[in-house]
Every structure is written in C-alpha cells, then in structure tokens.
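Novice: Before we start, here is the structure in question, set down as structure tokens.
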Amino acid sequence: MSEIVRMVVVLSLIAAICSAVLTFAHQGLGPRIDQQTDLYVRGPALERLFGKPATEVLHNKVVIAVGDQAIPVFFAREGDRVSTIAVEATGKGGFGGDLKLMVGVDLDAGQQTGMEVVSHSETPGLGARIDEISFRRQWQGLPTDTPVALTKDGGKIDAISGATTTSLAAVGGTNEVIRFLRDHKEEIVQAIAKREAGS
Amino acid sequence: MSKGKLGATLTAGLWKRLPPFRLVLGLCPSLAVTTSAENGLGMGIALALVVTMSNGIISALRKLIPAKVRIASYIVIIATLVSIVETLMKAYFFPLSEQLGIYIPLIVVNCIVLGRAEGFAAKNPPLLSMADGLSVGIGYTLSLTLIGSIREILGVGSWFGLPVFGAAFEPLAFLVLAPGAFITIGILLGIQNLFSRWRGEKFVQG
C-alpha cells in the first residue's frame, strides 16, 4: 500500500514541478516568441506590401477590437501622413483550413495595394499557388469601396485553376477587410493618431 | 568516483558509444533533418542539451523514483526539458526551429535520451551521468553535422549555406531527398564498421 502511495506522490510531485517550470518559461519567453513570429511570419508579407524592411514596419502596429475579434493593422508613414495600411484578415474556408491574409490599402487613393498570404496549409501545386505573384498581383489597384469577386461571379480576379475553393477564401478574406474598412476607418485613423502621439 | 572513469565516460560518446552509428539509436531525426549541415548541428545541439540535463536530473532523483513508475517519471522530465529547449529555440533561433519543425518536440521519444536515462543515469551519480549525456550529445552533434555536411556539399553544392563549388558543379539532388539520407548513413556505417574491424576491435553494435 505504502509503495502505491509513494508512486502517486512522487509522480505527482514531478509533474507539478515540471508544469511550474514550463509555465515560468512560457511566461518569460512568450513576448519574445511573439516578436520573432511577427518578424519571420508576417515580416515577408509586410516587406512586400510596404516595400520597406520588416523591422521598420513591425512596431507600427495598432490592434482594433471588433466584437470579440482583435484585428492587427500595420501602417507606414509617407512624410508625416499615414498613407498606407495593411490589415490582417482570415480567409475562411480554404481547402486545408483558414488562410491568414494581409491586405494593403492606400487610404488616399482608396485603392488596394496588394494581397499577401501570411500563412496557409493548402495543397502543394494547387491551392499553395496562392503564393504566386501572378495570382496576388491581381489585387493591385482594386478599389476599396466595392467587394472583390472571382471572374465567374462577375468580378476581376482570375481563380487559380483547380483551386477555386482557395481562391474563394482569399476573396472572402479581402471582402472582410473591405467591410472592416467601411465600418471602422475612423477608428483606425484615431488609433494610429493616438499611437503616434504617445510615441 | 575516480578521475579515470569520468574521462572514460566523457570520451565514450565520441567513439565507443557514438550515436547514431555505434548505438544505432535516434536514426529517425538523423535521417530526416540532416538535409543541411546547419540543420544537423542545430538538432544535435538541441539533443545534447536535453540529454545532458535529463541525465543529470534523473540521476539525482534515481533513489527517489520508485522502480515501477520510473519510465513515466523519465518521460515527464524529458518532455519538460524538450519543451524548454523548443521555447528557447523559437525565441532565439526562429528560422532554425521552423526548419527542424516537429523533430524538436519528437526528441521526447528519441531513443538516445531514454536509453541513456535508463541505461546509465539510473545507475550512476549525477556528475558522471551528465558527463555521459554531454559526451553522447557531442557525438550525436558531430555525427549529424557530418551527415548533413556530406548531403549538403554533394546534394546542393554548399556548406552551411556558403557555396563550395563553382557554378559548373551539377549537384546530386537525390542526396537531399529521403533516399540520400539512407545511402549516406549506410555508407558511413559501413566505413565505420570496416575501420573497427581493421583496428581489431571486438565488434559490438549497440
């Protein structure tokens, strides 16, 4: 009997100490991991959208709360005005799960500057071709006041052949950004102004 | 504990117990991640850290842990150490940790770590066990870097990302694919066996 008790006590103690150590490690290093993830996962997309090194853009970040969602918005300054922003969105219903997108918007011109895929788990050779420039560049210059759509639905975006689901998810994600901009543009501008004044 | 035993333990991992060739344990990551010298080195260092610390901790607790739950206790301790190493890698070597992917968490079930815990740390004092872990870890790091170097130099034509041959070199691309891993490890294992036969060593694998 006492052996059983000893087994339980020792194993529980080991497990408890290990959990405590792990919690400590995660709390200590969590912010740094977030920072690194930003740099290496969002970084390349931001670099292409803004044409600047990611380290310059990454700290220009405001988070807008919409309902229970928090939407990260990155911005870049042209002189002392904020002209271009990049809004992160989720393209729901990709073939291998949701896509994580970043849509660049030129606020002055009311145009999209591009769509970038931050992360996806689509089929290599089919949906994964969403990364290709020939698909992504179709977003450049599209207006921000009308929803985007695939050509088969009367829009301007040519779907990737064999990957309509993925293309639809990208379009859906973009439309989410367009809706978000229409409803929350003032909020974004205020948040950025506040962030600028604070820094 | 005599000085001689510590020295012998420290050098054992470099030849007598050299993983993965002599122990023939931990082959899965050796095959999977050694597409480049950098990956091999990173994986090796991660494993060396885990096996040294786990040997030390398990050896210090060896009289406390009841025999019937020892494997469970070892796994909990090893898993914690692996998680810490993984967190550290994500925080400081993010691109490398992306490259190694699932193979870092899989160190938990790496036979070398559990093998050294059960076969050595459970019977020896902490300092000696840590020496054993360190030497096996260094041996593993050297082996993986060697396998990775061969595959990268011949398969891509570079070493640690730096080009080795001129532009005229046509890389043997199959070496960085899965079959190349088996062939490289097989050839190295063969050479090493021939060498120990030539030295007249008593032939023990594992």
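Residues in the structure tokens are named by chain (A, B, ... in the order shown) and by number from 1 within that chain; ligands are numbered from 1 in the order shown.
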Hey, what's within 12 Å of Ile133 in chain A if we count only C-alpha atoms and toss same-chain stuff fewer than 6 positions away? As a PyMOL selection string, please?
Specialist: chain A and resi 45+48+114-117+139-140+160
Novice: Taking the backbone alone, and naming residues the way the document does, which bits of range 105-135 of chain B are helix (DSSP H, G or I) by DSSP, as an NGL selection string?
Specialist: :B and (105-109 or 111-121 or 126-135)
Novice: May I have the residues of chain B within 7 Å of chain A, counting only C-alpha atoms, written as a short mmCIF file (atom, residue, chain, number, x, y, z; two decimals) with N, CA and C atoms, in the first residue's frame?
Specialist:
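Okay, this is what ended up in selection_33.cif:
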```cif
data_model
loop_
_atom_site.label_atom_id
_atom_site.label_comp_id
_atom_site.auth_asym_id
_atom_site.auth_seq_id
_atom_site.Cartn_x
_atom_site.Cartn_y
_atom_site.Cartn_z
N ILE B 65 12.80 7.94 -7.17
CA ILE B 65 11.76 7.49 -8.08
C ILE B 65 11.53 5.99 -7.90
N PRO B 66 10.29 5.57 -7.57
CA PRO B 66 10.01 4.14 -7.44
C PRO B 66 10.19 3.44 -8.79
N VAL B 69 7.31 3.26 -11.56
CA VAL B 69 6.88 4.42 -12.35
C VAL B 69 8.07 5.17 -12.94
N SER B 73 8.10 8.73 -15.03
CA SER B 73 8.77 9.90 -14.47
C SER B 73 9.82 10.43 -15.45
N VAL B 76 8.17 12.40 -18.22
CA VAL B 76 7.71 13.73 -17.81
C VAL B 76 8.89 14.70 -17.74
N ILE B 77 9.98 14.25 -17.14
CA ILE B 77 11.15 15.13 -17.00
C ILE B 77 11.71 15.48 -18.39
N THR B 80 9.51 17.90 -20.31
CA THR B 80 9.64 19.28 -19.82
C THR B 80 10.89 19.93 -20.41
N ILE B 84 11.22 23.17 -22.94
CA ILE B 84 12.01 24.37 -22.64
C ILE B 84 12.97 24.66 -23.80
N LYS B 90 12.58 28.75 -30.34
CA LYS B 90 11.61 29.65 -31.00
C LYS B 90 11.95 31.09 -30.69
N ALA B 91 12.42 31.35 -29.46
CA ALA B 91 12.67 32.72 -29.06
C ALA B 91 13.97 33.26 -29.65
N PHE B 94 14.55 31.37 -34.44
CA PHE B 94 13.25 31.07 -35.04
C PHE B 94 13.34 30.35 -36.39
#
```
Novice: I'd like the neighbourhood of Glu196 in chain A as a list of chain:residue names, where a residue qualifies if any of its atoms comes within 12 Å (using only C-alpha atoms), though same-chain residues fewer than 3 positions away should be ignored.
Specialist: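 Contacts, with the query itself left out: A:His59, A:Asn60, A:Lys61, A:Val62, A:Phe75, A:Ala76, A:Arg77, A:Asp80, A:Arg81, A:Val82, A:Val189, A:Gln190, A:Ala191, A:Ile192, A:Ala193, A:Ser199.
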Novice: Tell me, as number ranges by chain, which residues lie within 9 Å of Arg116 in chain B, counting only C-alpha atoms; anything in the same chain fewer than 6 positions away does not count.
Specialist: B: 51, 55, 122, 129, 132-133, 136
Novice: Which polymer residues have any atom within 9 Å of an atom of range 144-150 of chain B, counting only C-alpha atoms, with same-chain residues fewer than 5 positions away left out, as a VMD selection string?
Specialist: chain B and resid 20 30 to 31 33 to 44 139 155 158 to 160 175 to 176 181 184 to 185 188
Novice: Can those selected residues be exported to a file as a PDB file, in the first residue's frame so that it contains N, CA and C atoms?
Specialist:
```
ATOM      1  N   PRO B  20      24.583   8.311 -34.117  1.00  0.00           N
ATOM      2  CA  PRO B  20      23.720   7.137 -34.208  1.00  0.00           C
ATOM      3  C   PRO B  20      24.453   5.897 -34.717  1.00  0.00           C
ATOM      4  N   SER B  30      18.039  11.553 -37.467  1.00  0.00           N
ATOM      5  CA  SER B  30      19.285  11.570 -38.237  1.00  0.00           C
ATOM      6  C   SER B  30      18.999  11.483 -39.725  1.00  0.00           C
ATOM      7  N   LEU B  31      17.959  10.729 -40.083  1.00  0.00           N
ATOM      8  CA  LEU B  31      17.603  10.614 -41.490  1.00  0.00           C
ATOM      9  C   LEU B  31      16.848  11.846 -41.959  1.00  0.00           C
ATOM     10  N   VAL B  33      16.331  15.192 -40.623  1.00  0.00           N
ATOM     11  CA  VAL B  33      16.649  16.614 -40.572  1.00  0.00           C
ATOM     12  C   VAL B  33      18.012  16.961 -41.176  1.00  0.00           C
ATOM     13  N   THR B  34      18.797  15.944 -41.562  1.00  0.00           N
ATOM     14  CA  THR B  34      20.168  16.248 -41.970  1.00  0.00           C
ATOM     15  C   THR B  34      20.263  16.658 -43.438  1.00  0.00           C
ATOM     16  N   THR B  35      19.310  17.463 -43.912  1.00  0.00           N
ATOM     17  CA  THR B  35      19.411  17.914 -45.294  1.00  0.00           C
ATOM     18  C   THR B  35      20.476  18.986 -45.449  1.00  0.00           C
ATOM     19  N   SER B  36      20.887  19.608 -44.349  1.00  0.00           N
ATOM     20  CA  SER B  36      21.971  20.580 -44.433  1.00  0.00           C
ATOM     21  C   SER B  36      22.795  20.500 -43.154  1.00  0.00           C
ATOM     22  N   ALA B  37      24.028  20.973 -43.242  1.00  0.00           N
ATOM     23  CA  ALA B  37      24.920  20.914 -42.085  1.00  0.00           C
ATOM     24  C   ALA B  37      24.344  21.715 -40.923  1.00  0.00           C
ATOM     25  N   GLU B  38      23.717  22.870 -41.238  1.00  0.00           N
ATOM     26  CA  GLU B  38      23.175  23.723 -40.187  1.00  0.00           C
ATOM     27  C   GLU B  38      22.066  23.005 -39.420  1.00  0.00           C
ATOM     28  N   ASN B  39      21.164  22.336 -40.168  1.00  0.00           N
ATOM     29  CA  ASN B  39      20.083  21.604 -39.511  1.00  0.00           C
ATOM     30  C   ASN B  39      20.629  20.505 -38.617  1.00  0.00           C
ATOM     31  N   GLY B  40      21.633  19.773 -39.126  1.00  0.00           N
ATOM     32  CA  GLY B  40      22.232  18.696 -38.338  1.00  0.00           C
ATOM     33  C   GLY B  40      22.822  19.232 -37.053  1.00  0.00           C
ATOM     34  N   LEU B  41      23.540  20.343 -37.171  1.00  0.00           N
ATOM     35  CA  LEU B  41      24.175  20.947 -35.998  1.00  0.00           C
ATOM     36  C   LEU B  41      23.128  21.399 -34.985  1.00  0.00           C
ATOM     37  N   GLY B  42      22.077  22.062 -35.470  1.00  0.00           N
ATOM     38  CA  GLY B  42      21.024  22.552 -34.579  1.00  0.00           C
ATOM     39  C   GLY B  42      20.339  21.429 -33.839  1.00  0.00           C
ATOM     40  N   MET B  43      19.982  20.394 -34.588  1.00  0.00           N
ATOM     41  CA  MET B  43      19.319  19.235 -33.984  1.00  0.00           C
ATOM     42  C   MET B  43      20.230  18.583 -32.954  1.00  0.00           C
ATOM     43  N   GLY B  44      21.512  18.432 -33.313  1.00  0.00           N
ATOM     44  CA  GLY B  44      22.468  17.792 -32.412  1.00  0.00           C
ATOM     45  C   GLY B  44      22.602  18.569 -31.116  1.00  0.00           C
ATOM     46  N   GLY B 139      28.813  13.612 -29.463  1.00  0.00           N
ATOM     47  CA  GLY B 139      28.979  12.623 -30.519  1.00  0.00           C
ATOM     48  C   GLY B 139      27.853  12.696 -31.537  1.00  0.00           C
ATOM     49  N   GLY B 155      24.852  17.367 -52.379  1.00  0.00           N
ATOM     50  CA  GLY B 155      23.488  17.477 -52.883  1.00  0.00           C
ATOM     51  C   GLY B 155      23.094  18.885 -53.305  1.00  0.00           C
ATOM     52  N   SER B 158      26.818  23.386 -51.369  1.00  0.00           N
ATOM     53  CA  SER B 158      27.182  24.447 -50.417  1.00  0.00           C
ATOM     54  C   SER B 158      27.436  23.818 -49.061  1.00  0.00           C
ATOM     55  N   TRP B 159      28.049  24.604 -48.154  1.00  0.00           N
ATOM     56  CA  TRP B 159      28.285  24.113 -46.794  1.00  0.00           C
ATOM     57  C   TRP B 159      27.929  25.225 -45.827  1.00  0.00           C
ATOM     58  N   PHE B 160      27.003  24.955 -44.909  1.00  0.00           N
ATOM     59  CA  PHE B 160      26.438  25.978 -44.023  1.00  0.00           C
ATOM     60  C   PHE B 160      25.936  27.161 -44.847  1.00  0.00           C
ATOM     61  N   LEU B 175      20.574  13.384 -53.042  1.00  0.00           N
ATOM     62  CA  LEU B 175      21.168  13.256 -51.705  1.00  0.00           C
ATOM     63  C   LEU B 175      20.405  14.052 -50.651  1.00  0.00           C
ATOM     64  N   VAL B 176      19.748  15.137 -51.032  1.00  0.00           N
ATOM     65  CA  VAL B 176      18.984  15.882 -50.026  1.00  0.00           C
ATOM     66  C   VAL B 176      17.577  15.310 -49.863  1.00  0.00           C
ATOM     67  N   ALA B 181      19.483  10.184 -47.628  1.00  0.00           N
ATOM     68  CA  ALA B 181      19.778  10.046 -46.203  1.00  0.00           C
ATOM     69  C   ALA B 181      20.150   8.604 -45.884  1.00  0.00           C
ATOM     70  N   THR B 184      23.619   7.799 -47.450  1.00  0.00           N
ATOM     71  CA  THR B 184      24.730   8.423 -46.720  1.00  0.00           C
ATOM     72  C   THR B 184      24.986   7.711 -45.403  1.00  0.00           C
ATOM     73  N   ILE B 185      23.925   7.486 -44.632  1.00  0.00           N
ATOM     74  CA  ILE B 185      24.111   6.847 -43.327  1.00  0.00           C
ATOM     75  C   ILE B 185      24.616   5.422 -43.506  1.00  0.00           C
ATOM     76  N   LEU B 188      28.359   5.572 -44.348  1.00  0.00           N
ATOM     77  CA  LEU B 188      29.144   5.955 -43.167  1.00  0.00           C
ATOM     78  C   LEU B 188      29.213   4.811 -42.164  1.00  0.00           C
TER      79      LEU B 188
END
```
Novice: Go through range 36-73 of chain A and collect every residue that DSSP, computed from the backbone, puts in strand (DSSP E or B); the answer should be as number ranges by chain.
Specialist: A: 61-66, 69-73
Novice: Neighbouring residues of Gly162 in chain A were defined as those with any atom within 10 Å, considering only C-alpha atoms; residues of the same chain fewer than 3 positions away were excluded. Please report them as a ChimeraX atom specification.
Specialist: /A:125-127,159,165-167
Novice: Could you save the residues just selected, with N, CA and C atoms, as a CSV table (one decimal), in the first residue's frame?
Specialist:
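Printed below is part-v3.csv as written:
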```
chain,number,residue,atom,x,y,z
A,125,GLY,N,1.1,22.7,-55.1
A,125,GLY,CA,0.9,22.6,-56.5
A,125,GLY,C,-0.5,23.1,-56.9
A,126,LEU,N,-1.4,23.1,-56.0
A,126,LEU,CA,-2.8,23.5,-56.4
A,126,LEU,C,-3.1,24.8,-55.6
A,127,GLY,N,-3.7,24.6,-54.4
A,127,GLY,CA,-4.0,25.8,-53.6
A,127,GLY,C,-2.8,26.6,-53.1
A,159,ALA,N,-9.5,33.0,-60.9
A,159,ALA,CA,-9.2,32.0,-59.8
A,159,ALA,C,-8.0,31.1,-60.3
A,165,THR,N,-11.7,26.8,-54.4
A,165,THR,CA,-12.0,27.0,-53.0
A,165,THR,C,-11.0,27.9,-52.4
A,166,THR,N,-9.7,27.7,-52.7
A,166,THR,CA,-8.7,28.5,-52.1
A,166,THR,C,-8.9,30.0,-52.6
A,167,SER,N,-9.1,30.1,-53.9
A,167,SER,CA,-9.3,31.5,-54.4
A,167,SER,C,-10.5,32.2,-53.8
```
Novice: Excluding range 141-158 of chain A and residues on its chain fewer than 4 positions from it, collect all residues at most 10 Å away from it, counting only C-alpha atoms, and give them as a list of chain:residue names.
Specialist: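 Once the nearby chain positions are removed, what remains is A:Val105, A:Asp106, A:Leu107, A:Ala109, A:Gly110, A:Gln111, A:Gln112, A:Thr113, A:Gly114, A:Ser134, A:Phe135, A:Arg136, A:Arg137, A:Thr164, A:Ser167, A:Leu168, A:Ala170, A:Val171, A:Gly172, A:Gly173, A:Thr174, A:Asn175, A:Glu176, A:Val177, A:Ile178, A:Arg179, A:Leu181, A:Arg182.
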Novice: Could you check which of B:Ala121, B:Leu194, B:Ala131, B:Ala46 is closest to Pro29 in chain B, using only C-alpha atoms?
Specialist: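 Counting only C-alpha atoms, the residue closest to Pro29 in chain B is B:Ala46.
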Novice: As an exercise, work out the distance from CA of Ile64 in chain A to CA of Glu186 in chain A in Å and give it to one decimal place.
Specialist: 11.0 Å
Novice: For the atom pair CA of Phe74 in chain A and CA of Glu88 in chain A, what is the interatomic distance in Å to one decimal place?
Specialist: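 Between these atoms lies a distance of 8.3 Å.
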